[in-house]
Every structure is written in structure tokens, then in C-alpha cells.
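Structure file data.cif (mmCIF, C-alpha atoms) follows.
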```
data_entry
#
loop_
_atom_site.label_atom_id
_atom_site.label_comp_id
_atom_site.auth_asym_id
_atom_site.auth_seq_id
_atom_site.Cartn_x
_atom_site.Cartn_y
_atom_site.Cartn_z
CA MET A 1 138.79 -5.93 -151.96
CA THR A 2 138.20 -9.23 -150.56
CA ASP A 3 141.86 -9.64 -149.76
CA THR A 4 142.05 -6.52 -147.67
CA ALA A 5 138.84 -7.27 -145.84
CA THR A 6 139.92 -10.78 -144.97
CA ASP A 7 143.34 -9.59 -143.79
CA THR A 8 141.92 -7.17 -141.25
CA ASP A 9 139.29 -9.57 -139.97
CA ASN A 10 141.64 -12.52 -139.50
CA THR A 11 144.55 -10.74 -137.78
CA PRO A 12 143.95 -10.41 -134.10
CA ALA A 13 147.37 -8.75 -133.49
CA SER A 14 146.53 -5.78 -135.60
CA THR A 15 143.38 -4.85 -133.61
CA PRO A 16 143.92 -2.28 -130.86
CA ALA A 17 143.78 -3.64 -127.31
CA SER A 18 140.85 -2.75 -125.12
CA ARG A 19 141.54 0.36 -123.01
CA ARG A 20 138.95 -0.50 -120.37
CA VAL A 21 140.12 -0.88 -116.73
CA SER A 22 139.21 -4.02 -114.93
CA PRO A 23 136.50 -3.54 -112.25
CA TRP A 24 138.84 -5.14 -109.68
CA TRP A 25 141.37 -2.34 -110.16
CA ARG A 26 138.66 0.25 -109.59
CA VAL A 27 137.55 -1.48 -106.39
CA LEU A 28 141.17 -1.66 -105.24
CA ALA A 29 141.71 2.06 -105.97
CA VAL A 30 138.58 3.05 -104.02
CA PHE A 31 139.60 0.76 -101.12
CA LEU A 32 143.11 2.28 -100.98
CA LEU A 33 141.63 5.78 -101.10
CA LEU A 34 139.42 4.92 -98.12
CA VAL A 35 142.42 3.50 -96.23
CA VAL A 36 144.38 6.71 -96.84
CA LEU A 37 141.47 8.89 -95.69
CA ILE A 38 140.94 6.82 -92.53
CA GLY A 39 144.69 6.98 -91.78
CA TRP A 40 144.70 10.74 -92.23
CA ALA A 41 141.67 11.15 -89.93
CA ALA A 42 143.25 8.90 -87.29
CA SER A 43 146.54 10.80 -87.35
CA ALA A 44 144.73 14.15 -87.10
CA SER A 45 142.76 12.84 -84.12
CA MET A 46 145.91 11.53 -82.43
CA MET A 47 147.68 14.87 -82.93
CA THR A 48 144.73 16.69 -81.32
CA GLN A 49 144.81 14.27 -78.37
CA LEU A 50 148.59 14.67 -78.03
CA LYS A 51 148.28 18.46 -77.95
CA ALA A 52 145.56 18.21 -75.28
CA GLN A 53 147.74 15.88 -73.19
CA ILE A 54 150.71 18.25 -73.45
CA GLN A 55 148.55 21.20 -72.34
CA HIS A 56 147.20 19.15 -69.43
CA ALA A 57 150.72 18.13 -68.37
CA GLN A 58 151.92 21.75 -68.54
CA ALA A 59 148.99 22.89 -66.38
CA ARG A 60 149.72 20.15 -63.83
CA LEU A 61 153.40 21.11 -63.76
CA VAL A 62 152.44 24.62 -62.65
CA GLU A 63 150.36 23.13 -59.81
CA VAL A 64 153.05 20.71 -58.56
CA PRO A 65 155.26 22.14 -55.83
CA GLN A 66 158.80 22.82 -56.99
CA ILE A 67 160.88 21.86 -53.98
CA ARG A 68 164.29 23.53 -54.12
CA GLN A 69 165.82 22.89 -50.71
CA VAL A 70 165.77 19.63 -48.77
CA ALA A 71 167.17 18.74 -45.35
CA VAL A 72 167.03 15.47 -43.43
CA LEU A 73 167.50 16.27 -39.77
CA LEU A 74 169.20 13.60 -37.68
CA ASP A 75 168.91 12.93 -33.97
CA LYS A 76 171.80 12.20 -31.58
CA ASP A 77 171.86 8.53 -32.76
CA GLN A 78 172.16 9.70 -36.40
CA GLN A 79 168.64 8.45 -37.19
CA ALA A 80 166.34 10.48 -39.47
CA ALA A 81 164.08 12.57 -37.24
CA MET A 82 162.61 15.25 -39.54
CA LEU A 83 162.37 15.97 -43.23
CA VAL A 84 162.38 19.67 -44.09
CA THR A 85 161.60 20.90 -47.62
CA TYR A 86 161.08 24.40 -49.00
CA ASP A 87 158.52 25.25 -51.68
CA PRO A 88 159.22 28.75 -53.07
CA LYS A 89 155.86 28.89 -54.87
CA ASP A 90 153.96 28.73 -51.58
CA GLY A 91 156.72 30.37 -49.58
CA ALA A 92 156.47 27.58 -47.05
CA LEU A 93 158.83 25.31 -45.20
CA LEU A 94 157.26 21.86 -44.91
CA VAL A 95 158.39 20.10 -41.73
CA GLN A 96 157.60 16.40 -41.53
CA ARG A 97 158.25 14.37 -38.39
CA LEU A 98 159.89 11.02 -39.08
CA ASN A 99 160.05 9.80 -35.49
CA ASP A 100 157.76 9.89 -32.47
CA VAL A 101 159.56 12.58 -30.47
CA GLN A 102 157.04 15.04 -29.03
CA GLU A 103 157.68 18.21 -27.10
CA GLY A 104 156.53 18.43 -23.48
CA ARG A 105 153.71 20.54 -22.07
CA GLU A 106 155.98 23.47 -21.35
CA ASP A 107 158.29 23.00 -24.36
CA SER A 108 158.28 23.93 -28.02
CA MET A 109 160.49 22.78 -30.87
CA GLN A 110 161.98 25.72 -32.72
CA VAL A 111 163.45 25.49 -36.23
CA TRP A 112 166.70 27.39 -36.92
CA ALA A 113 168.63 28.40 -40.03
CA ILE A 114 172.38 27.94 -39.59
CA ALA A 115 174.73 29.80 -41.94
CA GLY A 116 178.35 28.99 -41.14
CA ASP A 117 179.75 30.99 -38.20
CA ALA A 118 176.82 33.44 -38.11
CA PRO A 119 174.41 33.13 -35.18
CA PRO A 120 171.42 30.86 -35.95
CA ARG A 121 168.22 32.60 -37.13
CA SER A 122 164.83 31.35 -36.03
CA LEU A 123 162.53 30.17 -38.84
CA GLY A 124 159.62 29.48 -36.54
CA VAL A 125 158.18 27.20 -33.91
CA VAL A 126 156.68 23.77 -34.55
CA THR A 127 153.14 24.43 -33.35
CA SER A 128 151.43 21.28 -34.52
CA LYS A 129 151.33 17.84 -32.93
CA TYR A 130 150.62 16.35 -36.37
CA LYS A 131 153.25 14.61 -38.51
CA THR A 132 153.48 17.50 -41.01
CA LEU A 133 153.42 21.25 -40.64
CA GLN A 134 153.83 24.19 -43.01
CA MET A 135 155.71 27.23 -41.78
CA PRO A 136 155.68 30.48 -43.77
CA VAL A 137 159.29 31.33 -44.67
CA LYS A 138 160.67 33.78 -47.22
CA GLU A 139 163.18 32.51 -49.74
CA THR A 140 165.62 35.20 -48.61
CA ASP A 141 165.60 33.66 -45.11
CA LEU A 142 167.25 30.55 -46.58
CA GLN A 143 169.94 32.28 -48.65
CA GLY A 144 173.39 31.28 -47.46
CA VAL A 145 171.96 28.71 -45.04
CA THR A 146 173.92 25.45 -44.94
CA GLU A 147 172.16 23.63 -42.10
CA ILE A 148 168.78 23.43 -40.40
CA GLY A 149 168.55 22.71 -36.68
CA VAL A 150 165.77 22.10 -34.18
CA SER A 151 166.09 22.96 -30.50
CA ALA A 152 163.85 22.46 -27.48
CA GLU A 153 162.76 25.83 -26.10
CA ASN A 154 160.26 27.14 -23.57
CA LYS A 155 156.66 27.14 -24.74
CA GLY A 156 156.28 29.53 -27.70
CA GLY A 157 160.00 29.61 -28.55
CA VAL A 158 162.64 32.22 -27.84
CA ALA A 159 162.42 35.88 -28.77
CA THR A 160 164.02 37.22 -31.94
CA GLY A 161 167.76 37.72 -31.56
CA VAL A 162 168.13 35.19 -28.74
CA SER A 163 170.31 32.13 -29.35
CA PRO A 164 168.87 28.63 -29.18
CA SER A 165 169.27 26.26 -26.27
CA LEU A 166 171.92 23.71 -27.11
CA PRO A 167 172.60 20.87 -27.77
CA TRP A 168 170.50 20.51 -30.90
CA LEU A 169 167.65 18.01 -30.81
CA PHE A 170 167.92 17.50 -34.58
CA LYS A 171 170.30 18.91 -37.16
CA GLY A 172 171.00 18.35 -40.85
CA TRP A 173 172.51 19.82 -44.00
CA LEU A 174 170.31 21.94 -46.25
CA VAL A 175 170.76 20.67 -49.82
CA GLN A 176 170.01 22.81 -52.86
CA LYS A 177 168.09 20.58 -55.25
CA SER A 178 168.49 21.11 -58.97
CA ILE A 179 165.20 21.58 -60.81
#
```
C-alpha cells encoding of this file:
Amino acid sequence: MTDTATDTDNTPASTPASRRVSPWWRVLAVFLLLVVLIGWAASASMMTQLKAQIQHAQARLVEVPQIRQVAVLLDKDQQAAMLVTYDPKDGALLVQRLNDVQEGREDSMQVWAIAGDAPPRSLGVVTSKYKTLQMPVKETDLQGVTEIGVSAENKGGVATGVSPSLPWLFKGWLVQKSI
């Protein structure tokens, strides 16, 4: 019996290894778990912020005018005199003066839609002395129009169906802008 007892006590290789986990491994596992949880929370927060930004951008896009037609009207020296844009959402033609030409006391500037060989159609009279003016215009009034012109007329403009006084003060091509 002494032989068997001494054999088991003196042989370190035959004893089973300790199955305990080092405390450093436990600390590392807890630390990595915290890192994963913080990363998940950060990504969830960023996704929520991204969704809010997308919704805000979509709402702003609805508010921004969607200009479809643009015309730069030139004077007799081929210098830019007026910028005309059409916003279908508001149903308005925005006329912006680019030079200092003003109508006289007894004159008005009248804006015309020119469609090929058809007689020009009046879109309205420039009634403001300011640099910009909005004129209510239906989108159908601009269908088939290739040019926009401005003529000097008697105060208040000409009656419907009457042709404009020529030559044109300003004239330019109406460009269909892709959206």
C-alpha cells in the first residue's frame, strides 16, 4: 500500500489540472460585453438620428420651390435684363430684374408668352418697382411656349387679344428644366 500511495502523491502529471478560470479572463469578458453593449446602443441612437434627418430633409423638399421653367431675358445689347422662373407649386411666375431699366410714368412692362408663329399671349404686367415680382400664371399658359418677351406698353398694359408693341424690350428662350 505504501507503493501506491507514494506513486500518486509524487506524480504531478497524473493530477487533473485546475479547471478554474483566471480572474483576468473574467474581467476581460465583462469589459468586452460592455463594449458590445455600448456599440449597440450607439448604433441604435445613430439610426434613430439618421431616420429623423431623412424625415426632416423630405419635409424640407416639399417646401422648396420646384422650378421647372427658366428664361434669361436679354436686352438689345444681349445683356441679361430679367430672370424669369416658373414654380408650379405656387402657380407663380417669378420675374427678377437684373438691370436698372424702369418703366416711365405712363408706361408698363408687359410679359408675353411666345409660342412659335402663334400670336404672343399676355402673362401679365410688371406692377412692382422692386427687383422681384410674382405673377400668378397657370401651368397651361406655358405649354408650348418657347420664348418669353417683355414689351413697353401704355400704363396698365394692353387688353386681352391685342398684340404687343414691338420691338421687344427683353426677350429670351424658355428652358424646360429637368427635375
Quick one: which segment 46-84 of chain A residues come within 12 Å of segment 100-111 of chain A, and what is the nearest atom pair for each with the distance in Å to one decimal, counting only C-alpha atoms, rows ordered by chain and ascending number, as a tab-separated table?
```
residue	atom	partner	partner_atom	distance
A:Ala71	CA	A:Val111	CA	11.9
A:Leu73	CA	A:Val111	CA	10.7
A:Asp75	CA	A:Val101	CA	10.0
A:Gln79	CA	A:Asp100	CA	11.9
A:Ala80	CA	A:Asp100	CA	11.1
A:Ala81	CA	A:Val101	CA	8.1
A:Met82	CA	A:Val101	CA	9.9
A:Leu83	CA	A:Val111	CA	11.9
A:Val84	CA	A:Val111	CA	9.8
```
May I have a table of the residues of segment 54-76 of chain A lying at most 12 Å from segment 137-151 of chain A, giving each one's closest pair of atoms and their distance in Å to one decimal, counting only C-alpha atoms, ordered by chain and ascending residue number, as a Markdown table?
```
| residue | atom | partner | partner_atom | distance |
| --- | --- | --- | --- | --- |
| A:Ile67 | CA | A:Glu139 | CA | 11.7 |
| A:Arg68 | CA | A:Glu139 | CA | 10.1 |
| A:Gln69 | CA | A:Leu142 | CA | 8.8 |
| A:Val70 | CA | A:Ile148 | CA | 9.7 |
| A:Ala71 | CA | A:Ile148 | CA | 7.0 |
| A:Val72 | CA | A:Ile148 | CA | 8.7 |
| A:Leu73 | CA | A:Gly149 | CA | 7.2 |
| A:Leu74 | CA | A:Gly149 | CA | 9.2 |
| A:Asp75 | CA | A:Val150 | CA | 9.7 |
| A:Lys76 | CA | A:Val150 | CA | 11.9 |
```
Reference answer for the PyMOL selection byres ((chain A and resi 135) around 6), as a list of chain:residue names: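 That selection, the PyMOL selection byres ((chain A and resi 135) around 6), comes back as A:Ala92, A:Leu93, A:Gln134, A:Pro136.
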Export of prior selection with C-alpha atoms as a PDB file, in the coordinates of the input:
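So selection05.pdb came out as:
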```pdb
ATOM      1  CA  ALA A  92     156.470  27.580 -47.050  1.00  0.00           C
ATOM      2  CA  LEU A  93     158.830  25.310 -45.200  1.00  0.00           C
ATOM      3  CA  GLN A 134     153.830  24.190 -43.010  1.00  0.00           C
ATOM      4  CA  PRO A 136     155.680  30.480 -43.770  1.00  0.00           C
TER       5      PRO A 136
END
```
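Checking A:Leu98, A:Ala152, A:Leu28, A:Val158 one by one against Ser122 of chain A, counting all atoms listed in the file, you find the shortest gap at A:Val158.
When the distance limit is 9 Å and all atoms listed in the file are what count, the residues near Thr132 of chain A, minus those fewer than 2 positions from it on the same chain, are Leu94, Val95, Gln96, Arg97, Ser128, Lys129, Tyr130 and Gln134 of chain A.
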Would you mind reading off the distance between atom CA of Gly156 of chain A and atom CA of Arg121 of chain A, one decimal, in Å?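 If I compute the distance from atom CA of Gly156 of chain A to atom CA of Arg121 of chain A, I get 15.5 Å.
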Val62 of chain A environment, 12 Å, all atoms listed in the file, sequence neighbours closer than 5 positions dropped, as a PyMOL selection string: chain A and resi 55-57+89-90
d(atom CA of Ala159 of chain A, atom CA of Ile114 of chain A) in Å: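 These two atoms are separated by 16.7 Å.
Each of A:Leu61, A:Ala113, A:Ala29, A:Val36 was compared to Leu174 of chain A using all atoms listed in the file, and A:Ala113 turns out to be the nearest.
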